[in-house]
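Novice: To start, I am sharing the structure in question, which I have written as C-alpha coordinates.
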Amino acid sequence: MDGQEYLDQISRKNKPVKKSGGASSIFSSKFFIVGMIGVVGVVLMMILGMLVGGEKGGEKNTCLELKLHLENTSELIKEYQNSVRSSNLRSISASLYGLLSNTEREVTTYLVEKYKFKDNKNNYEKTVSKKILNAANSAKEELNTELFSAKINGILDRIYAHKMAYEISVFIAEENKLMNETKNDTLKASLLSSRQSLENLYTSFEDFSETKPGGQQP
(Lines give C-alpha, C1' and ligand atoms only; values in the text may rest on other atoms or scores of the structure.)
Protein backbone atom coordinates (compact mmCIF):
# COMPACT_ATOMS: atom_id res chain seq x y z
CA MET A 1 0.00 0.00 0.00
CA ASP A 2 1.56 3.33 -1.08
CA GLY A 3 1.23 6.59 0.83
CA GLN A 4 -1.71 7.90 -1.19
CA GLU A 5 -3.76 4.75 -0.67
CA TYR A 6 -3.06 4.89 3.07
CA LEU A 7 -4.26 8.51 3.28
CA ASP A 8 -7.42 7.68 1.29
CA GLN A 9 -8.21 4.80 3.68
CA ILE A 10 -7.86 7.05 6.73
CA SER A 11 -10.06 9.67 5.07
CA ARG A 12 -12.84 7.14 4.47
CA LYS A 13 -12.75 5.95 8.11
CA ASN A 14 -12.96 9.45 9.51
CA LYS A 15 -15.74 10.59 7.16
CA PRO A 16 -18.75 11.71 9.27
CA VAL A 17 -21.90 9.59 9.03
CA LYS A 18 -24.77 11.41 7.31
CA LYS A 19 -27.71 11.95 9.64
CA SER A 20 -31.32 11.58 8.54
CA GLY A 21 -33.45 14.60 7.69
CA GLY A 22 -34.89 16.94 10.35
CA ALA A 23 -38.60 16.09 10.11
CA SER A 24 -38.19 12.31 10.11
CA SER A 25 -35.72 12.46 13.00
CA ILE A 26 -38.13 14.51 15.08
CA PHE A 27 -41.05 12.14 14.54
CA SER A 28 -38.92 9.10 15.32
CA SER A 29 -37.54 10.70 18.46
CA LYS A 30 -38.24 8.83 21.68
CA PHE A 31 -39.16 12.08 23.40
CA PHE A 32 -41.63 13.01 20.66
CA ILE A 33 -43.38 9.65 20.87
CA VAL A 34 -43.64 9.83 24.66
CA GLY A 35 -44.95 13.38 24.41
CA MET A 36 -47.62 12.43 21.88
CA ILE A 37 -48.77 9.54 24.06
CA GLY A 38 -49.14 11.99 26.93
CA VAL A 39 -51.17 14.42 24.81
CA VAL A 40 -53.49 11.66 23.57
CA GLY A 41 -53.94 10.48 27.16
CA VAL A 42 -54.94 13.97 28.33
CA VAL A 43 -57.42 14.35 25.45
CA LEU A 44 -59.01 10.98 26.24
CA MET A 45 -59.31 11.91 29.90
CA MET A 46 -61.00 15.18 28.98
CA ILE A 47 -63.49 13.38 26.72
CA LEU A 48 -64.19 10.79 29.41
CA GLY A 49 -64.66 13.53 31.98
CA MET A 50 -67.20 15.29 29.78
CA LEU A 51 -69.10 12.05 29.18
CA VAL A 52 -69.17 11.16 32.88
CA GLY A 53 -70.11 14.70 33.88
CA GLY A 54 -72.95 14.67 31.38
CA GLU A 55 -74.30 11.42 32.81
CA LYS A 56 -74.32 12.60 36.40
CA GLY A 57 -76.88 15.32 35.77
CA GLY A 58 -76.40 16.98 39.14
CA GLU A 59 -78.91 17.73 41.85
CA LYS A 60 -82.06 17.61 39.71
CA ASN A 61 -81.47 14.11 38.39
CA THR A 62 -80.46 12.84 41.82
CA CYS A 63 -83.73 14.24 43.20
CA LEU A 64 -85.70 12.56 40.44
CA GLU A 65 -83.98 9.22 40.97
CA LEU A 66 -84.69 9.35 44.69
CA LYS A 67 -88.31 10.46 44.19
CA LEU A 68 -89.09 7.62 41.78
CA HIS A 69 -87.40 5.08 44.03
CA LEU A 70 -89.38 6.30 47.03
CA GLU A 71 -92.62 6.32 45.08
CA ASN A 72 -92.17 2.88 43.53
CA THR A 73 -91.08 1.18 46.74
CA SER A 74 -94.00 2.72 48.63
CA GLU A 75 -96.41 1.29 46.06
CA LEU A 76 -94.96 -2.21 46.47
CA ILE A 77 -95.05 -1.96 50.26
CA LYS A 78 -98.72 -1.04 50.06
CA GLU A 79 -99.35 -3.99 47.75
CA TYR A 80 -97.57 -6.69 49.77
CA GLN A 81 -97.68 -5.47 53.37
CA ASN A 82 -101.06 -7.01 54.17
CA SER A 83 -99.84 -10.37 52.89
CA VAL A 84 -97.03 -10.45 55.47
CA ARG A 85 -97.90 -12.93 58.22
CA SER A 86 -95.78 -11.49 61.03
CA SER A 87 -97.53 -8.74 63.00
CA ASN A 88 -94.13 -7.40 64.05
CA LEU A 89 -92.91 -7.22 60.46
CA ARG A 90 -96.12 -5.53 59.35
CA SER A 91 -95.61 -2.90 62.04
CA ILE A 92 -92.04 -2.22 60.92
CA SER A 93 -93.21 -2.11 57.32
CA ALA A 94 -95.91 0.44 58.17
CA SER A 95 -93.26 2.67 59.77
CA LEU A 96 -91.14 2.40 56.64
CA TYR A 97 -94.10 3.24 54.42
CA GLY A 98 -94.86 6.36 56.44
CA LEU A 99 -91.23 7.48 56.35
CA LEU A 100 -90.85 6.94 52.61
CA SER A 101 -94.09 8.80 51.93
CA ASN A 102 -92.96 11.80 54.00
CA THR A 103 -89.53 11.92 52.34
CA GLU A 104 -91.06 11.58 48.89
CA ARG A 105 -93.35 14.51 49.64
CA GLU A 106 -90.40 16.69 50.75
CA VAL A 107 -88.34 15.83 47.68
CA THR A 108 -91.29 16.41 45.35
CA THR A 109 -91.99 19.80 46.92
CA TYR A 110 -88.38 20.79 46.32
CA LEU A 111 -88.52 19.63 42.69
CA VAL A 112 -91.73 21.59 42.07
CA GLU A 113 -90.46 24.77 43.71
CA LYS A 114 -86.97 24.83 42.22
CA TYR A 115 -87.34 23.00 38.90
CA LYS A 116 -91.06 23.51 38.15
CA PHE A 117 -91.48 19.74 38.13
CA LYS A 118 -94.97 18.50 37.21
CA ASP A 119 -95.80 15.74 39.66
CA ASN A 120 -98.10 13.77 37.42
CA LYS A 121 -97.30 10.25 36.27
CA ASN A 122 -98.85 10.98 32.90
CA ASN A 123 -96.18 13.64 32.39
CA TYR A 124 -93.21 11.60 33.60
CA GLU A 125 -92.12 10.67 30.09
CA LYS A 126 -92.03 14.36 29.23
CA THR A 127 -90.32 15.61 32.38
CA VAL A 128 -87.98 12.73 33.29
CA SER A 129 -85.17 11.40 31.10
CA LYS A 130 -85.72 7.96 29.58
CA LYS A 131 -82.59 6.68 31.27
CA ILE A 132 -83.80 7.59 34.77
CA LEU A 133 -87.38 6.48 34.13
CA ASN A 134 -86.36 3.13 32.60
CA ALA A 135 -83.94 2.40 35.45
CA ALA A 136 -86.62 3.15 38.05
CA ASN A 137 -89.23 1.02 36.28
CA SER A 138 -86.81 -1.88 35.85
CA ALA A 139 -85.88 -1.82 39.55
CA LYS A 140 -89.54 -1.77 40.54
CA GLU A 141 -90.39 -4.65 38.23
CA GLU A 142 -87.51 -6.73 39.56
CA LEU A 143 -88.52 -6.17 43.19
CA ASN A 144 -92.17 -6.90 42.40
CA THR A 145 -91.22 -10.17 40.70
CA GLU A 146 -89.17 -11.31 43.69
CA LEU A 147 -91.87 -10.43 46.21
CA PHE A 148 -94.60 -12.05 44.15
CA SER A 149 -92.55 -15.22 43.80
CA ALA A 150 -91.92 -15.27 47.56
CA LYS A 151 -95.63 -14.79 48.23
CA ILE A 152 -96.82 -17.71 46.11
CA ASN A 153 -94.09 -19.92 47.56
CA GLY A 154 -95.04 -19.14 51.14
CA ILE A 155 -91.76 -17.42 52.10
CA LEU A 156 -92.85 -13.78 51.81
CA ASP A 157 -91.95 -12.71 55.36
CA ARG A 158 -88.32 -13.74 55.11
CA ILE A 159 -87.80 -12.37 51.59
CA TYR A 160 -89.78 -9.20 52.35
CA ALA A 161 -87.59 -8.39 55.36
CA HIS A 162 -84.43 -9.06 53.37
CA LYS A 163 -85.53 -6.97 50.40
CA MET A 164 -86.68 -4.03 52.50
CA ALA A 165 -83.34 -4.00 54.32
CA TYR A 166 -81.62 -3.84 50.94
CA GLU A 167 -83.91 -1.07 49.66
CA ILE A 168 -83.19 0.94 52.80
CA SER A 169 -79.44 0.66 52.20
CA VAL A 170 -79.98 2.03 48.69
CA PHE A 171 -82.13 4.88 50.02
CA ILE A 172 -79.41 5.83 52.49
CA ALA A 173 -76.82 5.95 49.70
CA GLU A 174 -79.12 8.05 47.49
CA GLU A 175 -79.91 10.48 50.30
CA ASN A 176 -76.22 10.85 51.15
CA LYS A 177 -75.51 11.65 47.51
CA LEU A 178 -78.25 14.28 47.37
CA MET A 179 -77.10 15.87 50.65
CA ASN A 180 -73.64 16.28 49.12
CA GLU A 181 -75.07 17.88 45.97
CA THR A 182 -77.75 20.23 47.30
CA LYS A 183 -77.16 23.60 48.91
CA ASN A 184 -80.70 23.85 50.27
CA ASP A 185 -80.58 23.66 54.07
CA THR A 186 -84.24 22.69 54.41
CA LEU A 187 -83.84 19.73 52.07
CA LYS A 188 -80.62 18.71 53.81
CA ALA A 189 -82.32 18.71 57.19
CA SER A 190 -85.19 16.62 55.86
CA LEU A 191 -82.83 14.10 54.30
CA LEU A 192 -80.73 13.89 57.45
CA SER A 193 -83.80 13.12 59.55
CA SER A 194 -84.94 10.53 57.00
CA ARG A 195 -81.53 8.87 56.94
CA GLN A 196 -81.42 8.54 60.73
CA SER A 197 -84.85 6.90 60.78
CA LEU A 198 -83.88 4.62 57.89
CA GLU A 199 -80.83 3.44 59.79
CA ASN A 200 -83.02 2.40 62.72
CA LEU A 201 -85.48 0.61 60.46
CA TYR A 202 -82.66 -1.14 58.64
CA THR A 203 -81.62 -2.78 61.90
CA SER A 204 -85.21 -3.89 62.54
CA PHE A 205 -85.56 -5.50 59.12
CA GLU A 206 -82.08 -7.01 59.21
CA ASP A 207 -82.66 -8.55 62.65
CA PHE A 208 -86.10 -9.90 61.79
CA SER A 209 -86.51 -13.61 62.35
CA GLU A 210 -89.59 -15.77 62.03
CA THR A 211 -88.45 -17.76 65.04
CA LYS A 212 -88.42 -14.78 67.40
CA PRO A 213 -91.46 -13.89 69.55
CA GLY A 214 -93.88 -11.94 67.39
CA GLY A 215 -92.00 -13.02 64.30
CA GLN A 216 -94.69 -15.30 63.04
CA GLN A 217 -98.41 -14.96 63.39
CA PRO A 218 -100.59 -18.05 62.92
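The way I read the labels, and the way they are meant: chains A, B, ... in the order of the C-alpha coordinates, residue 1 as the first residue of every chain, and ligand 1 as the first ligand shown, with later ones counted on from there.
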List as number ranges by chain the protein and nucleic acid residues near segment 174-184 of chain A, meaning an atom at most 12 Å away when only C-alpha atoms are counted, but skip any in the same chain fewer than 2 places from it.

Specialist: A: 56-70, 100, 103-104, 107, 110-111, 113-114, 167-172, 186-196, 198-199

Novice: Work out how far atom CA of Asn137 of chain A is from atom CA of Ala94 of chain A, in Å to one decimal.

Specialist: 22.9 Å

Novice: Quote the spacing between atom CA of Asn120 of chain A and atom CA of Thr108 of chain A in Å to one decimal place.

Specialist: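 Calculated distance between atom CA of Asn120 of chain A and atom CA of Thr108 of chain A is 10.8 Å.
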
Novice: So that I can check the secondary structure, give me every residue of segment 67-214 of chain A assigned alpha helix (DSSP H) by backbone DSSP, as a ChimeraX atom specification.

Specialist: /A:67-80,87-115,124-127,130-152,156-181,185-206

Novice: Hey, what's within 9 Å of Leu96 of chain A if we count only C-alpha atoms and toss same-chain stuff fewer than 6 positions away? As a list in words, please?

Specialist: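 Answer for this query is Ser74, Ile77, Met164, Ile168, Ser197, Leu198 and Leu201 of chain A.
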
Novice: What is the atom CA of Leu133 of chain A-atom CA of Thr109 of chain A distance in Å, reported with one decimal?

Specialist: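 Straight-line distance from atom CA of Leu133 of chain A to atom CA of Thr109 of chain A works out to 19.0 Å.
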
Novice: Go through A:Phe208, A:Ser86, A:Asp185, A:Ile132 and flag the residue nearest Lys163 of chain A, using only C-alpha atoms for the distances.

Specialist: A:Phe208
